[in-house]
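Student: I am sharing entry-v7.cif, which consists of mmCIF, C-alpha atoms:
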```
data_start
loop_
_atom_site.label_atom_id
_atom_site.label_comp_id
_atom_site.auth_asym_id
_atom_site.auth_seq_id
_atom_site.Cartn_x
_atom_site.Cartn_y
_atom_site.Cartn_z
CA THR A 148 103.64 86.89 70.60
CA GLY A 149 106.93 88.70 70.24
CA ASN A 150 107.21 87.42 66.67
CA ASN A 151 103.65 88.09 65.56
CA ALA A 152 103.01 87.86 61.84
CA VAL A 153 101.43 91.30 61.55
CA SER A 154 103.85 94.06 60.56
CA GLY A 155 103.38 97.79 60.99
CA GLN A 156 103.75 100.52 63.60
CA THR A 157 103.92 98.73 66.95
CA VAL A 158 103.64 99.73 70.61
CA THR A 159 104.78 97.25 73.27
CA VAL A 160 103.48 97.54 76.84
CA MET A 161 103.15 95.27 79.87
CA PRO A 162 99.63 93.89 80.54
CA ALA A 163 99.29 95.50 84.00
CA GLU A 164 100.27 98.93 82.66
CA LEU A 165 97.81 98.66 79.77
CA ARG A 166 95.03 97.54 82.12
CA ARG A 167 95.66 100.42 84.54
CA MET A 168 95.63 103.04 81.81
CA VAL A 169 92.47 101.78 80.13
CA CYS A 170 90.66 101.62 83.50
CA GLU A 171 91.63 105.24 84.17
CA VAL A 172 90.16 106.61 80.93
CA ALA A 173 87.65 104.34 79.17
CA PHE A 174 84.74 105.16 81.50
CA ALA A 175 84.96 108.82 80.42
CA ALA A 176 84.21 108.03 76.77
CA SER A 177 80.68 108.49 75.48
CA VAL A 178 78.40 105.51 74.82
CA ASP A 179 76.29 107.57 72.41
CA GLU A 180 77.05 106.20 68.94
CA SER A 181 75.55 109.31 67.32
CA SER A 182 78.56 111.25 68.69
CA GLN A 183 81.11 108.76 67.44
CA ARG A 184 84.26 110.82 67.90
CA PHE A 185 83.54 110.93 71.65
CA THR A 186 83.30 107.12 71.93
CA ASN A 187 87.02 106.54 71.39
CA VAL A 188 90.26 106.43 73.34
CA GLN A 189 93.09 108.39 71.74
CA ILE A 190 96.50 106.73 72.13
CA GLU A 191 99.70 108.75 71.75
CA LEU A 192 103.35 107.75 72.05
CA ASN A 193 106.16 110.20 72.75
CA GLU A 194 109.43 108.31 72.96
CA ASN A 195 108.43 105.64 75.51
CA ARG A 196 105.73 107.68 77.27
CA LEU A 197 102.34 106.27 76.39
CA LYS A 198 99.27 108.48 76.79
CA MET A 199 95.57 107.61 76.62
CA VAL A 200 92.80 110.20 76.49
CA ALA A 201 89.00 109.88 76.52
CA THR A 202 86.21 112.46 76.70
CA ASP A 203 82.45 112.57 76.28
CA GLY A 204 82.37 116.35 75.98
CA TYR A 205 81.54 116.88 79.67
CA ARG A 206 84.56 115.24 81.27
CA LEU A 207 88.10 114.38 80.24
CA ALA A 208 90.36 111.56 81.45
CA ILE A 209 94.09 111.34 80.77
CA ALA A 210 96.43 108.52 81.76
CA THR A 211 100.12 108.14 80.99
CA GLY A 212 102.35 105.15 81.37
CA GLU A 213 105.54 103.49 80.26
CA ALA A 214 105.82 101.65 76.97
CA LEU A 215 108.63 99.17 76.48
CA GLY A 216 109.20 100.54 73.00
CA GLY A 217 107.56 101.13 69.70
CA GLU A 218 106.50 103.74 67.20
CA LEU A 219 103.32 105.72 66.57
CA ARG A 220 103.77 108.33 63.87
CA GLU A 221 100.49 109.98 64.85
CA PRO A 222 97.77 109.45 67.49
CA VAL A 223 95.45 106.50 66.93
CA LEU A 224 91.75 106.36 67.89
CA ILE A 225 90.28 103.07 69.11
CA PRO A 226 86.71 102.60 70.41
CA ALA A 227 86.61 102.55 74.21
CA ARG A 228 84.51 99.37 74.11
CA THR A 229 87.30 97.66 72.16
CA MET A 230 89.88 98.70 74.76
CA GLU A 231 87.67 97.36 77.57
CA LEU A 232 87.25 94.09 75.67
CA VAL A 233 91.02 93.74 75.30
CA ILE A 234 91.77 94.29 79.00
CA GLY A 235 88.95 91.89 79.87
CA MET A 236 90.77 89.22 77.84
CA LEU A 237 94.07 90.09 79.54
CA GLY A 238 92.77 88.51 82.75
CA ASP A 239 94.02 85.15 81.47
CA ALA A 240 97.15 86.48 79.79
CA ASP A 241 100.71 85.83 80.91
CA PRO A 242 101.46 88.86 83.13
CA GLU A 243 105.18 88.67 82.29
CA THR A 244 104.73 88.77 78.51
CA PRO A 245 104.23 92.20 76.89
CA VAL A 246 101.19 93.11 74.83
CA GLN A 247 101.78 94.41 71.33
CA MET A 248 99.46 96.89 69.64
CA VAL A 249 100.09 96.83 65.89
CA LEU A 250 98.75 99.09 63.15
CA PRO A 251 98.91 96.78 60.11
CA GLU A 252 100.70 98.24 57.09
CA ASN A 253 98.26 96.55 54.72
CA ASN A 254 95.08 97.74 56.47
CA THR A 255 94.94 101.32 57.75
CA ALA A 256 91.47 100.78 59.26
CA GLN A 257 92.51 98.05 61.69
CA VAL A 258 94.43 97.61 64.91
CA VAL A 259 95.73 94.28 66.24
CA PHE A 260 96.41 93.46 69.89
CA ALA A 261 98.66 90.44 70.32
CA PHE A 262 99.44 88.76 73.64
CA SER A 263 100.09 85.38 75.26
CA GLY A 264 96.97 83.62 76.45
CA PRO A 265 96.64 80.88 79.09
CA THR A 266 98.61 77.68 78.76
CA SER A 267 96.80 74.56 77.55
CA GLY A 268 97.41 70.85 77.23
CA ARG A 269 99.75 68.50 79.06
CA ARG A 270 102.80 70.23 77.62
CA ALA A 271 101.53 73.62 78.85
CA THR A 272 101.68 75.17 75.40
CA VAL A 273 101.33 78.97 75.51
CA GLN A 274 98.58 80.18 73.22
CA SER A 275 99.03 83.32 71.17
CA VAL A 276 95.95 85.53 71.10
CA GLU A 277 95.25 88.23 68.51
CA VAL A 278 92.37 90.67 68.78
CA VAL A 279 91.63 92.47 65.51
CA ALA A 280 89.50 95.60 65.73
CA GLN A 281 88.54 98.65 63.71
CA ARG A 282 90.13 102.03 64.25
CA TYR A 283 88.19 105.28 64.10
CA ALA A 284 89.27 107.43 61.17
CA GLY A 285 87.89 110.78 62.34
CA LYS A 286 89.47 113.53 64.42
CA PHE A 287 89.61 113.52 68.21
CA PRO A 288 88.36 116.68 69.98
CA ASP A 289 90.96 119.29 70.94
CA TYR A 290 91.09 118.19 74.57
CA ARG A 291 94.01 120.40 75.59
CA ALA A 292 91.83 123.50 75.28
CA ILE A 293 89.65 122.60 78.29
CA ILE A 294 92.46 121.74 80.72
CA PRO A 295 92.55 124.57 83.30
CA LYS A 296 95.70 126.66 83.12
CA ASN A 297 95.56 128.08 86.65
CA THR A 298 94.21 127.33 90.14
CA ILE A 299 92.46 129.65 92.61
CA THR A 300 91.23 127.07 95.14
CA ARG A 301 93.25 123.91 95.81
CA SER A 302 91.64 121.11 97.81
CA VAL A 303 93.16 117.82 99.03
CA VAL A 304 90.25 115.49 99.73
CA PRO A 305 90.13 111.89 101.10
CA VAL A 306 88.61 109.63 98.45
CA ALA A 307 86.64 107.12 100.56
CA PRO A 308 84.47 109.53 102.62
CA PHE A 309 83.83 111.73 99.59
CA LEU A 310 82.69 108.73 97.56
CA ARG A 311 80.39 107.62 100.40
CA ALA A 312 78.87 111.10 100.57
CA LEU A 313 78.30 111.10 96.82
CA LYS A 314 76.59 107.70 96.93
CA THR A 315 74.26 108.96 99.66
CA SER A 316 73.51 112.13 97.69
CA ALA A 317 72.78 110.10 94.56
CA LEU A 318 69.83 108.49 96.37
CA PHE A 319 68.27 111.91 96.92
CA VAL A 320 68.87 113.46 93.51
CA LYS A 321 65.65 113.32 91.52
CA ASN A 322 66.27 115.83 88.76
CA GLN A 323 67.49 114.42 85.45
CA ALA A 324 70.81 116.22 85.63
CA ASN A 325 71.87 114.32 88.81
CA ILE A 326 73.17 117.56 90.29
CA VAL A 327 75.01 117.80 93.61
CA GLN A 328 76.36 121.01 95.12
CA ILE A 329 79.95 121.02 96.32
CA ALA A 330 81.10 123.76 98.71
CA LEU A 331 84.80 124.31 99.44
CA LYS A 332 85.51 126.08 102.74
CA PRO A 333 89.11 126.99 103.61
CA GLY A 334 90.08 126.93 107.28
CA GLU A 335 91.87 124.98 110.00
CA PRO A 336 90.70 122.40 109.19
CA GLY A 337 89.01 123.07 105.89
CA ALA A 338 85.76 121.42 104.91
CA LEU A 339 84.10 120.14 101.76
CA THR A 340 80.32 119.77 101.83
CA VAL A 341 78.23 117.66 99.49
CA ALA A 342 74.57 118.70 99.27
CA ALA A 343 71.69 117.33 97.21
CA SER A 344 67.98 118.03 97.02
CA GLY A 345 65.38 115.33 96.58
CA GLY A 346 62.52 117.79 96.29
CA ASP A 347 59.37 117.69 98.40
CA ASP A 348 59.31 113.87 98.41
CA LEU A 349 62.76 113.11 99.80
CA GLY A 350 64.00 116.38 101.27
CA ASP A 351 67.63 117.42 101.34
CA VAL A 352 70.88 115.81 102.41
CA CYS A 353 74.21 117.39 103.30
CA ASN A 354 77.49 115.72 104.29
CA GLU A 355 80.64 117.49 105.44
CA ILE A 356 84.14 116.09 104.95
CA GLU A 357 87.32 117.39 106.53
CA ALA A 358 89.80 118.44 103.83
CA VAL A 359 92.84 120.63 103.26
CA ILE A 360 91.54 123.63 101.31
CA GLU A 361 93.70 126.59 100.27
CA GLY A 362 92.52 129.70 98.44
CA ASP A 363 89.07 131.22 98.04
CA PRO A 364 85.83 129.61 99.23
CA LEU A 365 83.85 128.24 96.29
CA GLU A 366 80.53 126.59 95.48
CA MET A 367 80.10 124.45 92.35
CA SER A 368 77.53 122.02 90.96
CA PHE A 369 78.47 118.69 89.37
CA ASN A 370 76.89 115.59 87.91
CA VAL A 371 77.12 113.12 90.80
CA LYS A 372 77.68 110.22 88.37
CA TYR A 373 80.78 111.87 86.89
CA LEU A 374 82.36 112.52 90.29
CA SER A 375 81.53 109.03 91.56
CA GLU A 376 82.92 107.25 88.49
CA TYR A 377 86.19 109.15 88.77
CA LEU A 378 86.62 108.42 92.48
CA ALA A 379 85.65 104.74 92.07
CA GLN A 380 88.72 104.10 89.92
CA CYS A 381 91.10 106.42 91.83
CA ASP A 382 93.71 104.19 93.51
CA ALA A 383 95.15 106.90 95.76
CA PRO A 384 93.68 107.51 99.26
CA GLU A 385 93.48 111.25 98.51
CA PHE A 386 93.03 113.37 95.41
CA GLU A 387 93.69 117.02 94.66
CA MET A 388 90.93 119.17 93.15
CA ARG A 389 92.03 122.37 91.44
CA THR A 390 89.30 124.91 90.78
CA THR A 391 88.91 128.54 89.71
CA MET A 392 85.25 129.60 89.53
CA PRO A 393 81.77 127.98 89.51
CA THR A 394 81.46 127.98 85.71
CA ARG A 395 84.94 126.68 84.89
CA PRO A 396 86.12 123.04 84.78
CA ALA A 397 87.59 121.35 87.85
CA GLN A 398 90.85 119.44 87.48
CA MET A 399 91.47 116.34 89.60
CA VAL A 400 94.67 114.36 90.14
CA PRO A 401 95.56 111.56 92.57
CA VAL A 402 97.84 112.76 95.37
CA GLY A 403 101.28 111.31 94.79
CA ALA A 404 100.93 111.00 91.02
CA GLU A 405 103.70 112.42 88.88
CA VAL A 406 102.92 115.65 87.04
CA GLY A 407 100.83 114.82 83.98
CA GLU A 408 100.62 111.12 84.86
CA SER A 409 96.89 110.90 85.58
CA MET A 410 94.32 113.65 85.28
CA HIS A 411 90.58 114.12 85.20
CA VAL A 412 88.67 117.25 84.21
CA ILE A 413 84.93 117.66 84.84
CA MET A 414 82.72 120.44 83.55
CA PRO A 415 80.42 121.96 86.21
CA MET A 416 76.65 121.84 85.88
CA HIS A 417 74.17 124.68 86.15
CA PRO A 418 71.80 123.93 89.03
CA PRO A 419 68.07 123.97 88.16
CA ARG A 420 66.35 127.29 88.73
CA GLU A 421 63.88 127.51 91.54
CA GLN A 422 60.29 127.43 90.32
#
```
Could I get this file's structure written as structure tokens?

Tutor:
Amino acid sequence: TGNNAVSGQTVTVMPAELRRMVCEVAFAASVDESSQRFTNVQIELNENRLKMVATDGYRLAIATGEALGGELREPVLIPARTMELVIGMLGDADPETPVQMVLPENNTAQVVFAFSGPTSGRRATVQSVEVVAQRYAGKFPDYRAIIPKNTITRSVVPVAPFLRALKTSALFVKNQANIVQIALKPGEPGALTVAASGGDDLGDVCNEIEAVIEGDPLEMSFNVKYLSEYLAQCDAPEFEMRTTMPTRPAQMVPVGAEVGESMHVIMPMHPPREQ
């Protein structure tokens, strides 16, 4: 596919890098077609640093990676469902052959993904695959405005036990907002607690996880689905949660990631008032 027939602005990236980046952001896009600008992944290229961003208005996911080369004169918006379709097709692609994303010169509404498909026939002929999709022409939300600028409480939390606690809490949560309460308690060792209320029918559940917590104690409420979906795709054994106050967004990054490489921001919820 290196000599694809489509000409235009092109970004070249290895299949594994593209797959990783899409998996880190696409789940954070909205599936509500009535809010179309939130259903896309924004792709940016700065020299050879590729960035993907998705948000549904309540959470924000950012992934960066290495492009082999290319040019994007301005950010491009592609539906998240299209990106998931493309990486689904990459399962059969040649892992050693780069993927090309092309913005055709003769059609400003389209994007073309070109890659090498599986071999076929007795001569093992490599098939070239092209996926043609529509771009979104609107504006992406100003996502930089919601990224927290400072940190008051910093927590390093093991992913696996936190995810298990969230899955347990999700069974108890009956209110529509899927709210769980997270308490951060500094100390030696520090502790993070996950609490959820199932009302009179199910009662309450609370799990405590040992964590490294520096700064002020803090209690926040989150949508359990948003936390669980982030942790489910987090490859690192631990993640860092940076928080300020109960009403401000929480920033999450995998421990060991380079600065700015992978980031997730989740807006807190307001717990339901007692009747």

Student: Can you pull out every residue within 6 Å of stretch 201-217 of chain A, counting only C-alpha atoms, but drop anything in the same chain fewer than 2 positions away, and send it as a list in words?

Tutor: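 That gives Thr157, Val158, Thr159, Val160, Met168, Val172, Ala175, Ala176, Ser177, Phe185, Val188, Asn195, Arg196, Leu197, Lys198, Met199, Glu408, Ser409, Met410, His411, Val412, Ile413 and Met414 of chain A.
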
Student: Selected by the PyMOL selection byres ((chain A and resi 333-338) around 12) in the shown coordinates: which residues, as a PDB file with C-alpha atoms, in the coordinates of the input?

Tutor:
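File out_6.pdb, as written:
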```
ATOM      1  CA  ILE A 299      92.460 129.650  92.610  1.00  0.00           C
ATOM      2  CA  THR A 300      91.230 127.070  95.140  1.00  0.00           C
ATOM      3  CA  ARG A 301      93.250 123.910  95.810  1.00  0.00           C
ATOM      4  CA  SER A 302      91.640 121.110  97.810  1.00  0.00           C
ATOM      5  CA  VAL A 303      93.160 117.820  99.030  1.00  0.00           C
ATOM      6  CA  VAL A 304      90.250 115.490  99.730  1.00  0.00           C
ATOM      7  CA  PRO A 305      90.130 111.890 101.100  1.00  0.00           C
ATOM      8  CA  PHE A 309      83.830 111.730  99.590  1.00  0.00           C
ATOM      9  CA  ILE A 329      79.950 121.020  96.320  1.00  0.00           C
ATOM     10  CA  ALA A 330      81.100 123.760  98.710  1.00  0.00           C
ATOM     11  CA  LEU A 331      84.800 124.310  99.440  1.00  0.00           C
ATOM     12  CA  LYS A 332      85.510 126.080 102.740  1.00  0.00           C
ATOM     13  CA  LEU A 339      84.100 120.140 101.760  1.00  0.00           C
ATOM     14  CA  THR A 340      80.320 119.770 101.830  1.00  0.00           C
ATOM     15  CA  VAL A 341      78.230 117.660  99.490  1.00  0.00           C
ATOM     16  CA  ASN A 354      77.490 115.720 104.290  1.00  0.00           C
ATOM     17  CA  GLU A 355      80.640 117.490 105.440  1.00  0.00           C
ATOM     18  CA  ILE A 356      84.140 116.090 104.950  1.00  0.00           C
ATOM     19  CA  GLU A 357      87.320 117.390 106.530  1.00  0.00           C
ATOM     20  CA  ALA A 358      89.800 118.440 103.830  1.00  0.00           C
ATOM     21  CA  VAL A 359      92.840 120.630 103.260  1.00  0.00           C
ATOM     22  CA  ILE A 360      91.540 123.630 101.310  1.00  0.00           C
ATOM     23  CA  GLU A 361      93.700 126.590 100.270  1.00  0.00           C
ATOM     24  CA  GLY A 362      92.520 129.700  98.440  1.00  0.00           C
ATOM     25  CA  ASP A 363      89.070 131.220  98.040  1.00  0.00           C
ATOM     26  CA  PRO A 364      85.830 129.610  99.230  1.00  0.00           C
ATOM     27  CA  LEU A 365      83.850 128.240  96.290  1.00  0.00           C
ATOM     28  CA  GLU A 366      80.530 126.590  95.480  1.00  0.00           C
TER      29      GLU A 366
END
```

Student: Would you write out, as a ChimeraX atom specification, every residue that the PyMOL selection byres ((chain A and resi 349) around 10) captures in this file?

Tutor: /A:318-321,344-348,350-352

Student: For the selection you just gave me, I'd like the residues written to a file as a compact mmCIF listing (two decimals), keeping the file's coordinate frame, keeping C-alpha atoms.

Tutor:
```
# COMPACT_ATOMS: atom_id res chain seq x y z
CA LEU A 318 69.83 108.49 96.37
CA PHE A 319 68.27 111.91 96.92
CA VAL A 320 68.87 113.46 93.51
CA LYS A 321 65.65 113.32 91.52
CA SER A 344 67.98 118.03 97.02
CA GLY A 345 65.38 115.33 96.58
CA GLY A 346 62.52 117.79 96.29
CA ASP A 347 59.37 117.69 98.40
CA ASP A 348 59.31 113.87 98.41
CA GLY A 350 64.00 116.38 101.27
CA ASP A 351 67.63 117.42 101.34
CA VAL A 352 70.88 115.81 102.41
```

Student: Using all atoms listed in the file, can you tell me which of A:Val258, A:Ala173, A:Ala284, A:Leu313 comes closest to A:Val200?

Tutor: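 Checking each of A:Val258, A:Ala173, A:Ala284, A:Leu313 against A:Val200, counting all atoms listed in the file, the winner is A:Ala173.
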
Student: Pick out the residues sitting within 9 Å of A:Cys170, and hand them over as a short mmCIF file (atom, residue, chain, number, x, y, z; two decimals) with C-alpha atoms, in the frame of the given file; count only C-alpha atoms, and ignore anything fewer than 5 positions along from it in its own chain.

Tutor:
```
data_model
loop_
_atom_site.label_atom_id
_atom_site.label_comp_id
_atom_site.auth_asym_id
_atom_site.auth_seq_id
_atom_site.Cartn_x
_atom_site.Cartn_y
_atom_site.Cartn_z
CA LEU A 165 97.81 98.66 79.77
CA GLU A 231 87.67 97.36 77.57
CA ILE A 234 91.77 94.29 79.00
CA GLN A 380 88.72 104.10 89.92
#
```

Student: Evaluate the PyMOL selection byres ((chain A and resi 326) around 7) on the structure here and hand back the selected residues as a PyMOL selection string.

Tutor: chain A and resi 320+324-325+327-328+368-371+418

Student: Take the residues that were just selected and, keeping C-alpha atoms, output them as a PDB file, in the coordinates of the input.

Tutor:
```pdb
ATOM      1  CA  VAL A 320      68.870 113.460  93.510  1.00  0.00           C
ATOM      2  CA  ALA A 324      70.810 116.220  85.630  1.00  0.00           C
ATOM      3  CA  ASN A 325      71.870 114.320  88.810  1.00  0.00           C
ATOM      4  CA  VAL A 327      75.010 117.800  93.610  1.00  0.00           C
ATOM      5  CA  GLN A 328      76.360 121.010  95.120  1.00  0.00           C
ATOM      6  CA  SER A 368      77.530 122.020  90.960  1.00  0.00           C
ATOM      7  CA  PHE A 369      78.470 118.690  89.370  1.00  0.00           C
ATOM      8  CA  ASN A 370      76.890 115.590  87.910  1.00  0.00           C
ATOM      9  CA  VAL A 371      77.120 113.120  90.800  1.00  0.00           C
ATOM     10  CA  PRO A 418      71.800 123.930  89.030  1.00  0.00           C
TER      11      PRO A 418
END
```

Student: Tell me, in Å to one decimal, how far atom CA of A:Glu221 is from atom CA of A:Met236.

Tutor: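 So the answer is 26.3 Å.
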
Student: What is the atom CA of A:Ser275-atom CA of A:Val223 distance in Å, reported with one decimal?

Tutor: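 Separation between atom CA of A:Ser275 and atom CA of A:Val223: 23.8 Å.
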
Student: So, counting only C-alpha atoms, which residue among A:Gly235, A:Pro226, A:Pro162, A:Pro401 is closest to A:Gly285?

Tutor: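 Looking at the shortest contact to A:Gly285, the residue is A:Pro226.
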
Student: Which value, in Å to one decimal, gives the distance between atom CA of A:Arg166 and atom CA of A:Met230?

Tutor: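 Going from atom CA of A:Arg166 over to atom CA of A:Met230, I get 9.1 Å.
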
Student: Any chance you could turn stretch 278-333 of chain A into a file with C-alpha atoms, as a compact mmCIF listing (two decimals), in the first residue's frame?

Tutor:
```
# COMPACT_ATOMS: atom_id res chain seq x y z
CA VAL A 278 -11.28 1.80 3.77
CA VAL A 279 -13.04 4.96 2.59
CA ALA A 280 -15.00 6.89 5.20
CA GLN A 281 -16.58 10.28 5.78
CA ARG A 282 -14.91 12.97 7.84
CA TYR A 283 -16.81 15.24 10.19
CA ALA A 284 -16.75 18.85 9.02
CA GLY A 285 -17.70 20.57 12.29
CA LYS A 286 -15.54 21.87 15.13
CA PHE A 287 -14.20 19.71 17.95
CA PRO A 288 -14.83 20.94 21.51
CA ASP A 289 -12.07 22.99 23.17
CA TYR A 290 -10.78 20.05 25.20
CA ARG A 291 -7.70 21.80 26.57
CA ALA A 292 -9.88 24.00 28.78
CA ILE A 293 -10.97 21.12 31.04
CA ILE A 294 -7.53 19.60 31.64
CA PRO A 295 -6.63 20.38 35.29
CA LYS A 296 -3.71 22.77 35.63
CA ASN A 297 -2.72 21.84 39.18
CA THR A 298 -2.88 18.97 41.69
CA ILE A 299 -3.75 19.04 45.40
CA THR A 300 -4.09 15.30 46.04
CA ARG A 301 -1.95 12.80 44.12
CA SER A 302 -2.81 9.11 44.33
CA VAL A 303 -0.96 6.10 42.87
CA VAL A 304 -3.48 3.27 42.70
CA PRO A 305 -3.14 -0.40 41.57
CA VAL A 306 -5.41 -0.97 38.58
CA ALA A 307 -6.60 -4.57 39.14
CA PRO A 308 -8.00 -4.28 42.70
CA PHE A 309 -9.59 -0.91 41.92
CA LEU A 310 -11.30 -2.36 38.86
CA ARG A 311 -12.56 -5.33 40.89
CA ALA A 312 -13.96 -2.97 43.53
CA LEU A 313 -15.72 -0.92 40.85
CA LYS A 314 -17.27 -4.03 39.29
CA THR A 315 -18.62 -5.05 42.70
CA SER A 316 -19.97 -1.56 43.33
CA ALA A 317 -21.66 -1.51 39.93
CA LEU A 318 -23.86 -4.43 41.05
CA PHE A 319 -25.18 -2.33 43.94
CA VAL A 320 -25.72 0.97 42.17
CA LYS A 321 -29.40 1.36 41.39
CA ASN A 322 -29.72 5.07 40.69
CA GLN A 323 -29.61 6.09 37.03
CA ALA A 324 -26.42 8.08 37.43
CA ASN A 325 -24.39 4.96 38.39
CA ILE A 326 -22.70 6.93 41.15
CA VAL A 327 -19.89 5.58 43.34
CA GLN A 328 -18.14 7.53 46.08
CA ILE A 329 -14.36 7.57 46.09
CA ALA A 330 -12.52 8.60 49.27
CA LEU A 331 -8.79 9.35 49.22
CA LYS A 332 -7.06 8.99 52.61
CA PRO A 333 -3.38 9.94 52.91
```
